[in-house]
>>> print(open('coords-v2.cif').read())   # mmCIF, C-alpha atoms
data_final
loop_
_atom_site.label_atom_id
_atom_site.label_comp_id
_atom_site.auth_asym_id
_atom_site.auth_seq_id
_atom_site.Cartn_x
_atom_site.Cartn_y
_atom_site.Cartn_z
CA MET A 21 -1.70 -60.83 31.04
CA ARG A 22 -1.68 -62.42 34.49
CA LYS A 23 0.67 -61.16 37.20
CA SER A 24 2.50 -64.47 37.59
CA SER A 25 3.17 -64.73 33.86
CA LEU A 26 4.59 -61.17 33.70
CA ALA A 27 6.71 -61.71 36.75
CA GLY A 28 8.04 -64.93 35.30
CA ARG A 29 9.20 -63.18 32.16
CA ILE A 30 10.91 -60.45 34.17
CA SER A 31 12.62 -62.96 36.44
CA ARG A 32 13.95 -64.94 33.50
CA TYR A 33 15.22 -61.73 31.82
CA LEU A 34 16.99 -60.54 34.96
CA GLY A 35 18.15 -63.96 35.99
CA ALA A 36 16.26 -63.67 39.28
CA ALA A 37 14.55 -66.31 41.37
CA PRO A 38 10.98 -67.35 40.66
CA PHE A 39 8.23 -64.97 41.82
CA PRO A 40 7.89 -65.29 45.61
CA VAL A 41 4.44 -65.89 46.99
CA GLY A 42 2.87 -63.20 49.16
CA ILE A 43 4.39 -59.99 47.75
CA SER A 44 3.06 -57.51 45.19
CA LEU A 45 4.29 -57.26 41.63
CA SER A 46 5.60 -53.70 42.14
CA ARG A 47 7.53 -54.74 45.23
CA TYR A 48 8.97 -57.70 43.38
CA LEU A 49 10.09 -55.44 40.55
CA VAL A 50 11.77 -53.01 42.94
CA ILE A 51 13.59 -55.83 44.68
CA SER A 52 14.65 -57.43 41.40
CA LEU A 53 15.98 -54.19 39.92
CA SER A 54 17.80 -53.19 43.09
CA ARG A 55 19.46 -56.54 43.38
CA TYR A 56 20.35 -56.48 39.69
CA PHE A 57 22.19 -53.16 39.97
CA GLU A 58 23.76 -54.22 43.27
CA GLY A 59 24.99 -57.41 41.65
CA CYS A 60 26.46 -55.46 38.73
CA ARG A 61 28.35 -53.25 41.15
CA PHE A 62 29.65 -55.91 43.52
CA ARG A 63 30.88 -58.97 41.77
CA SER A 64 30.61 -62.33 43.51
CA ARG A 65 31.86 -65.85 42.88
CA SER A 66 28.53 -66.87 41.44
CA ARG A 67 28.12 -67.28 37.71
CA HIS A 68 25.43 -64.64 37.80
CA PRO A 69 25.54 -62.25 40.78
CA VAL A 70 21.83 -61.56 40.75
CA ILE A 71 20.89 -65.23 41.08
CA SER A 72 23.25 -65.89 43.96
CA ARG A 73 22.12 -62.82 45.86
CA PHE A 74 18.46 -63.21 45.11
CA ARG A 75 18.33 -66.71 46.61
CA TYR A 76 19.21 -65.30 49.99
CA LEU A 77 17.21 -62.10 49.55
CA ASP A 78 15.92 -60.52 52.69
CA ILE A 79 12.75 -58.84 51.58
CA SER A 80 12.36 -56.66 54.69
CA ARG A 81 15.73 -54.96 54.13
CA SER A 82 14.59 -53.65 50.72
CA ARG A 83 11.42 -52.09 52.05
CA HIS A 84 12.91 -48.58 52.28
CA LEU A 85 14.09 -48.76 48.65
CA GLU A 86 10.63 -49.77 47.50
CA ILE A 87 9.08 -46.79 49.27
CA SER A 88 11.59 -44.34 47.80
CA LEU A 89 11.20 -45.62 44.26
CA SER A 90 7.42 -45.72 44.60
CA ARG A 91 7.33 -42.11 45.64
CA PHE A 92 9.58 -41.20 42.75
CA LEU A 93 7.36 -43.11 40.33
CA VAL A 94 4.23 -41.32 41.57
CA LEU A 95 5.93 -37.92 41.25
CA PHE A 96 7.13 -38.79 37.76
CA LEU A 97 3.63 -39.78 36.65
CA VAL A 98 2.15 -36.54 38.01
CA ILE A 99 4.74 -34.40 36.17
CA ALA A 100 4.29 -36.38 32.96
CA GLY A 101 0.53 -35.93 33.14
CA LEU A 102 0.79 -32.18 33.59
CA THR A 103 3.25 -31.70 30.73
CA SER A 104 1.79 -34.15 28.27
CA CYS A 105 0.55 -33.03 24.81
CA GLU A 106 -3.10 -32.33 24.20
CA TYR A 107 -4.63 -32.93 20.78
CA LYS A 108 -6.39 -29.93 19.28
CA GLU A 109 -8.06 -29.35 15.95
CA LEU A 110 -6.36 -26.83 13.64
CA CYS A 111 -8.13 -23.47 13.55
CA TYR A 112 -8.16 -21.27 10.47
CA ASP A 113 -10.80 -18.79 11.63
CA HIS A 114 -8.42 -16.04 12.71
CA ASP A 115 -4.79 -15.00 12.91
CA HIS A 116 -3.10 -16.85 15.78
CA GLY A 117 -0.11 -14.49 15.66
CA SER A 118 -2.16 -12.13 17.84
CA GLU A 119 -5.36 -13.28 19.50
CA LYS A 120 -6.53 -9.66 19.51
CA ASN A 121 -6.77 -9.61 15.74
CA VAL A 122 -10.06 -10.10 13.95
CA SER A 123 -10.85 -11.15 10.41
CA LEU A 124 -11.54 -7.86 8.66
CA GLU A 125 -12.60 -7.28 5.06
CA LEU A 126 -12.62 -3.92 3.27
CA ASP A 127 -15.21 -3.69 0.49
CA LEU A 128 -14.47 -0.66 -1.68
CA LYS A 129 -16.78 0.89 -4.22
CA LEU A 130 -15.01 3.18 -6.69
CA ASP A 131 -16.60 6.35 -8.04
CA LEU A 132 -14.77 6.77 -11.34
CA GLU A 133 -16.72 9.80 -12.55
CA VAL A 134 -14.94 13.09 -13.07
CA SER A 135 -16.22 16.64 -12.60
CA LEU A 136 -16.57 17.23 -16.32
CA ASP A 137 -19.52 17.12 -18.68
CA VAL A 138 -18.09 17.13 -22.21
CA SER A 139 -18.06 14.86 -25.22
CA GLU A 140 -16.55 11.39 -25.05
CA GLU A 141 -13.61 12.45 -27.21
CA THR A 142 -12.17 14.60 -24.45
CA HIS A 143 -13.60 12.73 -21.46
CA THR A 144 -10.89 11.80 -18.99
CA LEU A 145 -11.46 8.37 -17.47
CA ILE A 146 -10.17 7.35 -14.07
CA GLU A 147 -8.50 3.95 -14.14
CA VAL A 148 -9.04 1.37 -11.43
CA PRO A 149 -5.91 1.44 -9.25
CA ASP A 150 -3.83 -1.69 -8.74
CA TYR A 151 -3.42 -0.98 -5.02
CA MET A 152 -5.10 1.05 -2.31
CA LYS A 153 -3.28 2.07 0.85
CA VAL A 154 -5.34 1.87 4.04
CA CYS A 155 -4.38 4.01 7.05
CA PHE A 156 -5.86 3.62 10.54
CA TYR A 157 -5.64 6.85 12.56
CA ASP A 158 -6.43 7.56 16.18
CA PRO A 159 -9.72 9.50 16.17
CA GLU A 160 -8.60 11.81 18.99
CA SER A 161 -4.92 12.55 18.35
CA GLY A 162 -4.96 11.84 14.60
CA ALA A 163 -1.76 9.81 14.93
CA LEU A 164 -1.14 6.94 12.52
CA ASN A 165 -1.76 3.54 14.14
CA ASN A 166 -1.46 1.02 11.31
CA THR A 167 -1.19 0.78 7.51
CA GLU A 168 -2.23 -1.97 5.10
CA PHE A 169 -2.33 -2.49 1.33
CA VAL A 170 -5.29 -3.99 -0.52
CA GLY A 171 -6.39 -4.31 -4.14
CA GLY A 172 -8.37 -1.76 -6.08
CA TYR A 173 -11.68 -3.02 -4.71
CA GLY A 174 -10.49 -3.83 -1.20
CA GLY A 175 -9.23 -6.96 0.54
CA GLU A 176 -8.31 -8.48 3.89
CA LEU A 177 -7.03 -6.31 6.75
CA HIS A 178 -5.49 -7.05 10.14
CA VAL A 179 -5.91 -4.58 12.97
CA GLU A 180 -6.45 -4.72 16.71
CA PRO A 181 -9.93 -3.99 18.10
CA GLY A 182 -10.76 -0.34 18.69
CA THR A 183 -12.19 2.81 17.13
CA TYR A 184 -10.31 4.25 14.16
CA ASP A 185 -10.41 7.04 11.64
CA LEU A 186 -9.99 4.96 8.46
CA LEU A 187 -8.60 6.61 5.36
CA THR A 188 -7.71 4.79 2.14
CA TYR A 189 -6.31 6.23 -1.07
CA SER A 190 -5.07 4.99 -4.45
CA PHE A 191 -1.39 4.09 -4.39
CA GLY A 192 1.17 4.46 -7.18
CA THR A 193 0.00 7.52 -9.12
CA GLU A 194 2.43 8.95 -11.67
CA TRP A 195 2.39 12.65 -10.77
CA THR A 196 0.49 12.95 -7.49
CA GLN A 197 2.70 12.40 -4.45
CA ILE A 198 1.86 11.93 -0.76
CA ARG A 199 3.55 13.33 2.36
CA GLY A 200 2.74 14.00 6.02
CA GLU A 201 1.22 10.55 6.52
CA SER A 202 2.13 10.33 10.22
CA ASN A 203 -0.97 12.35 11.16
CA VAL A 204 -4.33 12.63 9.43
CA SER A 205 -4.27 16.43 9.71
CA THR A 206 -0.95 16.69 7.82
CA LEU A 207 -1.72 14.10 5.14
CA GLU A 208 -1.12 15.99 1.88
CA ALA A 209 -1.29 15.29 -1.86
CA PHE A 210 0.92 17.44 -4.09
CA THR A 211 2.80 17.50 -7.40
CA SER A 212 6.33 18.50 -8.32
CA ASP A 213 7.45 21.83 -9.70
CA ILE A 214 8.08 22.03 -13.44
CA THR A 215 11.58 22.44 -14.82
CA GLN A 216 13.29 25.80 -14.77
CA ALA A 217 13.20 25.93 -18.57
CA LYS A 218 9.41 25.68 -18.59
CA ALA A 219 9.13 28.20 -15.78
CA SER A 220 11.16 30.74 -17.75
CA GLN A 221 8.57 30.63 -20.52
CA LEU A 222 5.89 31.93 -18.18
CA ALA A 223 8.13 34.84 -17.18
CA ALA A 224 7.32 36.50 -20.49
CA PHE A 225 3.76 37.03 -19.28
CA THR A 226 4.73 38.56 -15.95
CA ARG A 227 7.61 40.88 -16.83
CA SER A 228 5.25 43.72 -17.71
CA GLY A 229 3.32 43.30 -14.47
CA GLU A 230 -0.01 43.13 -16.27
CA TYR A 231 -0.65 39.54 -15.20
CA GLU A 232 0.41 37.82 -12.03
CA ALA A 233 1.58 34.24 -11.58
CA PRO A 234 2.07 33.76 -7.82
CA GLY A 235 3.59 30.68 -6.27
CA PRO A 236 5.45 27.82 -7.92
CA ILE A 237 4.55 26.39 -11.31
CA ILE A 238 3.51 22.76 -10.89
CA TYR A 239 2.41 19.83 -13.01
CA THR A 240 -1.26 18.92 -13.05
CA PRO A 241 -2.09 16.14 -10.55
CA ASP A 242 -3.34 12.65 -11.31
CA HIS A 243 -6.70 11.60 -9.95
CA LEU A 244 -6.42 10.36 -6.36
CA LEU A 245 -9.25 8.13 -5.14
CA VAL A 246 -9.94 8.62 -1.42
CA ALA A 247 -12.36 7.03 1.05
CA HIS A 248 -12.63 8.39 4.60
CA ARG A 249 -14.84 7.17 7.44
CA GLU A 250 -14.83 6.18 11.11
CA VAL A 251 -14.90 2.48 11.97
CA GLU A 252 -15.22 0.48 15.19
CA ILE A 253 -13.57 -2.94 15.37
CA PRO A 254 -15.13 -5.08 18.17
CA PRO A 255 -13.07 -7.53 20.25
CA TYR A 256 -12.35 -10.94 18.84
CA SER A 257 -14.91 -13.65 19.57
CA VAL A 258 -14.52 -17.41 19.35
CA GLY A 259 -15.53 -18.95 16.06
CA HIS A 260 -15.61 -17.64 12.51
CA HIS A 261 -15.87 -13.87 12.94
CA VAL A 262 -15.63 -11.64 9.86
CA ILE A 263 -16.25 -7.90 9.84
CA THR A 264 -16.90 -6.20 6.49
CA ILE A 265 -16.25 -2.48 6.15
CA THR A 266 -17.82 -0.78 3.16
CA ALA A 267 -16.58 2.53 1.80
CA THR A 268 -16.78 4.53 -1.42
CA ALA A 269 -13.61 6.06 -2.85
CA ALA A 270 -13.94 9.14 -5.07
CA THR A 271 -11.39 11.48 -6.58
CA ILE A 272 -10.26 14.62 -4.76
CA VAL A 273 -8.98 16.14 -8.01
CA GLU A 274 -11.10 18.32 -10.27
CA THR A 275 -11.04 17.98 -14.05
CA TYR A 276 -11.71 20.87 -16.42
CA GLY A 277 -12.26 20.92 -20.13
CA PHE A 278 -10.31 23.51 -22.11
CA GLU A 279 -11.04 24.72 -25.63
CA VAL A 280 -9.91 27.60 -27.83
CA THR A 281 -12.47 27.73 -30.63
CA ASN A 282 -11.52 30.60 -32.93
CA VAL A 283 -8.09 29.69 -34.32
CA THR A 284 -6.85 30.53 -37.80
CA GLY A 285 -3.69 28.94 -39.16
CA LEU A 286 -3.86 25.82 -36.97
CA GLU A 287 -1.70 23.94 -39.47
CA TYR A 288 1.26 26.24 -38.75
CA ILE A 289 1.29 25.56 -35.01
CA ALA A 290 4.25 23.56 -33.68
CA SER A 291 3.45 23.52 -29.95
CA VAL A 292 0.97 24.94 -27.46
CA GLU A 293 1.48 25.25 -23.71
CA ALA A 294 -0.98 26.61 -21.15
CA PHE A 295 -0.68 27.97 -17.61
CA VAL A 296 -3.54 28.59 -15.15
CA THR A 297 -2.78 30.80 -12.16
CA ASN A 298 -4.10 30.96 -8.58
CA GLN A 299 -4.70 27.26 -8.12
CA ALA A 300 -4.34 25.39 -4.83
CA ARG A 301 -0.79 24.12 -4.36
CA SER A 302 -1.91 20.84 -2.77
CA SER A 303 -4.75 19.06 -0.98
CA PHE A 304 -4.87 18.13 2.70
CA PHE A 305 -7.33 15.35 1.99
CA GLY A 306 -7.07 13.96 5.50
CA ARG A 307 -9.05 16.95 6.75
CA GLY A 308 -10.84 17.68 3.46
CA GLU A 309 -9.20 21.02 2.68
CA VAL A 310 -7.08 22.44 -0.11
CA SER A 311 -3.89 24.36 0.53
CA GLN A 312 -3.94 28.12 1.04
CA GLU A 313 -0.66 28.36 -0.89
CA PRO A 314 -1.14 29.61 -4.48
CA ALA A 315 0.37 27.86 -7.47
CA THR A 316 0.25 27.96 -11.26
CA ILE A 317 -0.44 24.72 -13.07
CA TYR A 318 1.12 23.82 -16.39
CA PHE A 319 -0.20 21.51 -19.12
CA PRO A 320 0.48 21.02 -22.85
CA VAL A 321 -2.27 21.39 -25.47
CA GLU A 322 -2.59 19.41 -28.69
CA PRO A 323 -4.13 21.10 -31.76
CA ASP A 324 -7.27 19.28 -32.89
CA LYS A 325 -7.10 19.46 -36.69
CA SER A 326 -10.45 17.69 -37.09
CA THR A 327 -12.31 20.56 -35.39
CA GLY A 328 -9.83 23.35 -36.06
CA ALA A 329 -9.55 24.16 -32.34
CA LEU A 330 -7.17 23.82 -29.43
CA LYS A 331 -8.76 21.31 -27.07
CA THR A 332 -7.68 19.30 -24.02
CA THR A 333 -8.47 18.59 -20.37
CA PHE A 334 -6.48 19.42 -17.25
CA ASN A 335 -6.62 18.50 -13.57
CA THR A 336 -6.29 20.68 -10.51
CA PHE A 337 -6.66 20.39 -6.74
CA GLY A 338 -9.06 23.31 -7.05
CA LYS A 339 -9.17 27.04 -7.24
CA LEU A 340 -7.31 28.91 -4.53
CA PRO A 341 -9.80 29.83 -1.76
CA GLY A 342 -10.72 33.50 -1.58
CA GLU A 343 -11.36 36.27 -4.08
CA SER A 344 -8.27 35.66 -6.21
CA HIS A 345 -8.50 35.84 -10.00
CA CYS A 346 -7.55 32.93 -12.27
CA TYR A 347 -5.71 33.75 -15.47
CA LEU A 348 -5.16 31.47 -18.43
CA HIS A 349 -1.90 32.07 -20.31
CA ILE A 350 -1.41 30.36 -23.68
CA LEU A 351 2.01 30.19 -25.32
CA ILE A 352 2.06 29.19 -29.01
CA HIS A 353 5.11 28.46 -31.17
CA ASP A 354 4.75 28.14 -34.93
CA SER A 355 6.88 26.11 -37.29
CA GLY A 356 9.08 29.09 -38.01
CA GLY A 357 10.02 29.63 -34.36
CA ASN A 358 7.71 32.59 -33.83
CA GLU A 359 5.96 32.99 -30.46
CA TYR A 360 2.38 34.10 -29.76
CA LYS A 361 0.94 34.85 -26.31
CA ILE A 362 -2.71 35.02 -25.26
CA SER A 363 -4.03 35.71 -21.75
CA GLU A 364 -7.60 35.60 -20.44
CA ASP A 365 -9.29 36.08 -17.08
CA ILE A 366 -11.23 32.83 -16.55
CA THR A 367 -12.26 33.34 -12.92
CA ASP A 368 -15.99 33.16 -13.61
CA GLN A 369 -15.67 29.98 -15.65
CA PHE A 370 -14.20 28.09 -12.71
CA ASP A 371 -17.61 28.28 -11.06
CA ASP A 372 -19.28 26.67 -14.08
CA PRO A 373 -20.84 23.34 -12.98
CA ASP A 374 -19.84 21.83 -16.35
CA HIS A 375 -16.17 22.60 -15.58
CA THR A 376 -15.59 23.77 -19.11
CA ILE A 377 -13.37 26.73 -20.00
CA VAL A 378 -13.92 28.18 -23.47
CA VAL A 379 -11.76 30.89 -25.02
CA ASP A 380 -13.37 32.45 -28.10
CA VAL A 381 -10.87 35.26 -28.67
CA PRO A 382 -9.73 35.17 -32.33
CA ILE A 383 -6.22 33.77 -32.71
CA VAL A 384 -4.50 34.13 -36.08
CA ILE A 385 -1.28 32.25 -36.82
CA PRO A 386 0.12 33.42 -40.20
CA GLN A 387 2.19 31.22 -42.42
CA PRO A 388 5.81 31.53 -41.32
CA GLU A 389 8.42 32.58 -43.81
CA GLY A 390 10.15 29.65 -45.49
CA GLY A 391 7.77 27.13 -43.92
CA GLY A 392 4.73 25.26 -45.02
CA GLY A 393 2.33 23.58 -42.65
CA GLY A 394 2.16 20.61 -40.38
CA GLY A 395 3.76 22.20 -37.34
CA ILE A 396 7.38 21.56 -38.30
CA ALA A 397 8.62 22.53 -41.78
CA PRO A 398 12.39 22.29 -42.04
CA THR A 399 14.08 23.45 -45.29
CA VAL A 400 17.21 21.99 -46.94
CA ASP A 401 19.28 23.76 -49.60
CA PRO A 402 19.68 21.86 -52.90
CA TRP A 403 22.88 19.88 -53.52
CA GLN A 404 25.61 21.71 -55.43
CA GLU A 405 28.30 19.78 -57.28
CA GLU A 406 31.89 20.70 -56.48
CA SER A 407 35.18 19.16 -57.70
CA HIS A 408 38.47 19.16 -55.82
CA ASP A 409 41.82 17.61 -56.62
CA VAL A 410 43.11 15.26 -53.93
CA PRO A 411 46.93 14.89 -53.93
CA ILE A 412 48.16 11.30 -53.59
CA GLY A 413 51.63 10.24 -52.43
#
>>> encode(input="coords-v2.cif", output="structure tokens")
Amino acid sequence: MRKSSLAGRISRYLGAAPFPVGISLSRYLVISLSRYFEGCRFRSRSRHPVISRFRYLDISRSRHLEISLSRFLVLFLVIAGLTSCEYKELCYDHDHGSEKNVSLELDLKLDLEVSLDVSEETHTLIEVPDYMKVCFYDPESGALNNTEFVGGYGGELHVEPGTYDLLTYSFGTEWTQIRGESNVSTLEAFTSDITQAKASQLAAFTRSGEYEAPGPIIYTPDHLLVAHREVEIPPYSVGHHVITITATAATIVETYGFEVTNVTGLEYIASVEAFVTNQARSSFFGRGEVSQEPATIYFPVEPDKSTGALKTTFNTFGKLPGESHCYLHILIHDSGGNEYKISEDITDQFDDPDHTIVVDVPIVIPQPEGGGGGGIAPTVDPWQEESHDVPIG
């Protein structure tokens, strides 16, 4: 649009005089606006104050106003240019919550094999965990820096660049519990003590002093899958940057097969409970060591009527380090309430690479008085008819 046409439109809108010849458009606008506001402030006899004042406008007297407004306009444009928005493409390559973060993937391979070489009927399988907990420790102090949760086979992690002692373990086990997580050297897996009623049953073996059962009596642990390695996370770089950490998680719990082969009167057995002494109380899996505290583990045993033997599997954190002896105590109750106790020194069998403990001592369970078979044989006296007079009213 030409300057004269634009000025004409402005002059008609403001009610000003036609565009004077010989002045710039910006100067004309300054003069028109100043006279417009001046006319609004000071009323005159004219029908429109701007028109009457603009006809006798002295352009030289408005020069200082033009300079002031021009300087203000230049300053305004500079500020607007510095604070204006800049269009940027959206970036999904990394976490913008912290520019120090990198895109990190943990690829876990699970070793689900157990330390037991027996038949499939008694083979204990390790299930794939729903979640794995990932801990990043300082390699020098061992202090915990960050924790994350991923799926059973890994997932996405977020951690600042640096060198870490990475440790991940299966989360949500039924019996195995975790404590001391604040430092890798105190990270410990353990199980709870059994009830006092169960513990009193073992006291029958130790009252005579022939067999020892040091430490608390605990439940057998669940398998705990653990992966431990050192990782170095480089600084973040521009663009799509993904780091994949691979690790293999294996169980820190040992599985043993247990079998009592020479049993007579299996049909009269109601319950069987076993205790193994001088086992490690817990596992400090952050530093790869078992506890020096002794414990006795407890587990129930189911009679296998198809083979005529007592057979099961049990888990342990491992044999107590040192020259201590491991004793197996078996407590049997028949259907008549009678109790039978068997004890064996199984120290040598704990070093068996097959992890199988076999007890071939003959065990004879006679038929209880007043009971048949099947484990539980309750008896009920026959009904006897009796008549009684009931007074009415």
>>> resolve_selection(input="coords-v2.cif", expression="the PyMOL selection byres ((chain A and resi 266-279) around 9)", output="NGL selection string")
:A and (125-138 or 142-144 or 146 or 188-190 or 241-249 or 264-265 or 280-281 or 303 or 305 or 308 or 321 or 329-338 or 370 or 374-380)
>>> closest_residue(input="coords-v2.cif", among="A:Tyr184, A:Ala294, A:Pro388, A:Gly235", to="Gln312 of chain A", atoms="only C-alpha atoms")
A:Gly235
>>> residues_around(input="coords-v2.cif", residues="Phe156 of chain A", least_positions_apart="5", cutoff="6 Å", atoms="all atoms listed in the file", output="PyMOL selection string")
chain A and resi 165-166+184-186
>>> residues_around(input="coords-v2.cif", residues="Lys339 of chain A", least_positions_apart="5", cutoff="8 Å", atoms="only C-alpha atoms", output="number ranges by chain")
A: 298-300, 346, 370
>>> write_last_selection(input="coords-v2.cif", atoms="C-alpha atoms", output="CSV table (one decimal), in the frame of the given file")
chain,number,residue,atom,x,y,z
A,298,ASN,CA,-4.1,31.0,-8.6
A,299,GLN,CA,-4.7,27.3,-8.1
A,300,ALA,CA,-4.3,25.4,-4.8
A,346,CYS,CA,-7.6,32.9,-12.3
A,370,PHE,CA,-14.2,28.1,-12.7
>>> resolve_selection(input="coords-v2.cif", expression="the PyMOL selection byres ((chain A and resi 168) around 10)", output="PDB file with C-alpha atoms, in the frame of the given file")
ATOM      1  CA  MET A 152      -5.100   1.050  -2.310  1.00  0.00           C
ATOM      2  CA  LYS A 153      -3.280   2.070   0.850  1.00  0.00           C
ATOM      3  CA  VAL A 154      -5.340   1.870   4.040  1.00  0.00           C
ATOM      4  CA  CYS A 155      -4.380   4.010   7.050  1.00  0.00           C
ATOM      5  CA  PHE A 156      -5.860   3.620  10.540  1.00  0.00           C
ATOM      6  CA  ASN A 166      -1.460   1.020  11.310  1.00  0.00           C
ATOM      7  CA  THR A 167      -1.190   0.780   7.510  1.00  0.00           C
ATOM      8  CA  PHE A 169      -2.330  -2.490   1.330  1.00  0.00           C
ATOM      9  CA  VAL A 170      -5.290  -3.990  -0.520  1.00  0.00           C
ATOM     10  CA  GLY A 175      -9.230  -6.960   0.540  1.00  0.00           C
ATOM     11  CA  GLU A 176      -8.310  -8.480   3.890  1.00  0.00           C
ATOM     12  CA  LEU A 177      -7.030  -6.310   6.750  1.00  0.00           C
ATOM     13  CA  HIS A 178      -5.490  -7.050  10.140  1.00  0.00           C
ATOM     14  CA  VAL A 179      -5.910  -4.580  12.970  1.00  0.00           C
ATOM     15  CA  THR A 188      -7.710   4.790   2.140  1.00  0.00           C
TER      16      THR A 188
END
>>> resolve_selection(input="coords-v2.cif", expression="the PyMOL selection byres ((chain A and resi 314) around 10)", output="PyMOL selection string")
chain A and resi 233-237+297-302+311-313+315-317+339-341+344
>>> residues_around(input="coords-v2.cif", residues="His349 of chain A", least_positions_apart="6", cutoff="7 Å", atoms="only C-alpha atoms", output="ChimeraX atom specification")
/A:294-296,362-364
>>> axis_aligned_box(input="coords-v2.cif", around="segment 281-284 of chain A", padding_each_side="6 Å", output="lines of an AutoDock Vina configuration file")
center_x = -9.7
center_y = 29.2
center_z = -34.2
size_x = 17.6
size_y = 14.9
size_z = 19.2
>>> closest_residue(input="coords-v2.cif", among="A:Glu194, A:Glu180, A:Glu208, A:Glu250", to="Glu160 of chain A", atoms="all atoms listed in the file")
A:Glu250
>>> atom_distance(input="coords-v2.cif", atom1="atom CA of Lys325 of chain A", atom2="atom CA of Glu359 of chain A")
19.8 Å
>>> atom_distance(input="coords-v2.cif", atom1="atom CA of Asn203 of chain A", atom2="atom CA of Gly182 of chain A")
17.7 Å
>>> residues_near_point(input="coords-v2.cif", point="(6.8, 21.2, -10.3)", cutoff="10 Å", atoms="all atoms listed in the file", output="list in words")
Trp195, Phe210, Thr211, Ser212, Asp213, Ile214, Thr215, Gln216, Lys218, Ala219, Pro236, Ile237, Ile238, Tyr239, Thr240, Ala315, Thr316, Ile317 and Tyr318 of chain A
>>> write_last_selection(input="coords-v2.cif", atoms="C-alpha atoms", output="CSV table (one decimal), in the coordinates of the input")
chain,number,residue,atom,x,y,z
A,195,TRP,CA,2.4,12.6,-10.8
A,210,PHE,CA,0.9,17.4,-4.1
A,211,THR,CA,2.8,17.5,-7.4
A,212,SER,CA,6.3,18.5,-8.3
A,213,ASP,CA,7.4,21.8,-9.7
A,214,ILE,CA,8.1,22.0,-13.4
A,215,THR,CA,11.6,22.4,-14.8
A,216,GLN,CA,13.3,25.8,-14.8
A,218,LYS,CA,9.4,25.7,-18.6
A,219,ALA,CA,9.1,28.2,-15.8
A,236,PRO,CA,5.4,27.8,-7.9
A,237,ILE,CA,4.6,26.4,-11.3
A,238,ILE,CA,3.5,22.8,-10.9
A,239,TYR,CA,2.4,19.8,-13.0
A,240,THR,CA,-1.3,18.9,-13.0
A,315,ALA,CA,0.4,27.9,-7.5
A,316,THR,CA,0.2,28.0,-11.3
A,317,ILE,CA,-0.4,24.7,-13.1
A,318,TYR,CA,1.1,23.8,-16.4
>>> closest_residue(input="coords-v2.cif", among="A:Tyr347, A:Gln387, A:Ser355, A:Pro181", to="Glu252 of chain A", atoms="only C-alpha atoms")
A:Pro181
>>> atom_distance(input="coords-v2.cif", atom1="atom CA of Asp354 of chain A", atom2="atom CA of Asn282 of chain A")
16.6 Å
>>> closest_residue(input="coords-v2.cif", among="A:Pro159, A:Gly357, A:Pro320, A:Gly306", to="Ile198 of chain A", atoms="only C-alpha atoms")
A:Gly306
>>> decode(input="coords-v2.cif", residues="segment 371-382 of chain A", atoms="N, CA and C atoms", output="PDB file, in the first residue's frame")
ATOM      1  N   ASP A 371      28.299 -81.862  50.461  1.00  0.00           N
ATOM      2  CA  ASP A 371      29.330 -81.607  49.453  1.00  0.00           C
ATOM      3  C   ASP A 371      29.076 -82.371  48.160  1.00  0.00           C
ATOM      4  N   ASP A 372      27.995 -83.118  48.105  1.00  0.00           N
ATOM      5  CA  ASP A 372      27.659 -83.888  46.898  1.00  0.00           C
ATOM      6  C   ASP A 372      27.266 -82.912  45.777  1.00  0.00           C
ATOM      7  N   PRO A 373      27.914 -83.000  44.609  1.00  0.00           N
ATOM      8  CA  PRO A 373      27.575 -82.067  43.516  1.00  0.00           C
ATOM      9  C   PRO A 373      26.146 -82.238  43.016  1.00  0.00           C
ATOM     10  N   ASP A 374      25.530 -83.395  43.257  1.00  0.00           N
ATOM     11  CA  ASP A 374      24.137 -83.600  42.854  1.00  0.00           C
ATOM     12  C   ASP A 374      23.148 -82.972  43.829  1.00  0.00           C
ATOM     13  N   HIS A 375      23.645 -82.530  44.983  1.00  0.00           N
ATOM     14  CA  HIS A 375      22.794 -81.902  46.005  1.00  0.00           C
ATOM     15  C   HIS A 375      21.611 -82.802  46.374  1.00  0.00           C
ATOM     16  N   THR A 376      21.903 -84.037  46.588  1.00  0.00           N
ATOM     17  CA  THR A 376      20.870 -85.001  46.959  1.00  0.00           C
ATOM     18  C   THR A 376      21.231 -85.655  48.279  1.00  0.00           C
ATOM     19  N   ILE A 377      20.301 -85.625  49.221  1.00  0.00           N
ATOM     20  CA  ILE A 377      20.499 -86.218  50.538  1.00  0.00           C
ATOM     21  C   ILE A 377      19.588 -87.439  50.642  1.00  0.00           C
ATOM     22  N   VAL A 378      20.193 -88.586  50.853  1.00  0.00           N
ATOM     23  CA  VAL A 378      19.448 -89.846  50.915  1.00  0.00           C
ATOM     24  C   VAL A 378      19.647 -90.452  52.297  1.00  0.00           C
ATOM     25  N   VAL A 379      18.556 -90.812  52.933  1.00  0.00           N
ATOM     26  CA  VAL A 379      18.584 -91.494  54.225  1.00  0.00           C
ATOM     27  C   VAL A 379      18.028 -92.898  54.001  1.00  0.00           C
ATOM     28  N   ASP A 380      18.885 -93.909  54.201  1.00  0.00           N
ATOM     29  CA  ASP A 380      18.461 -95.297  53.975  1.00  0.00           C
ATOM     30  C   ASP A 380      18.330 -96.079  55.275  1.00  0.00           C
ATOM     31  N   VAL A 381      18.264 -95.403  56.394  1.00  0.00           N
ATOM     32  CA  VAL A 381      18.044 -96.076  57.678  1.00  0.00           C
ATOM     33  C   VAL A 381      16.613 -96.624  57.700  1.00  0.00           C
ATOM     34  N   PRO A 382      16.425 -97.888  58.068  1.00  0.00           N
ATOM     35  CA  PRO A 382      15.067 -98.456  58.104  1.00  0.00           C
ATOM     36  C   PRO A 382      14.176 -97.721  59.104  1.00  0.00           C
TER      37      PRO A 382
END
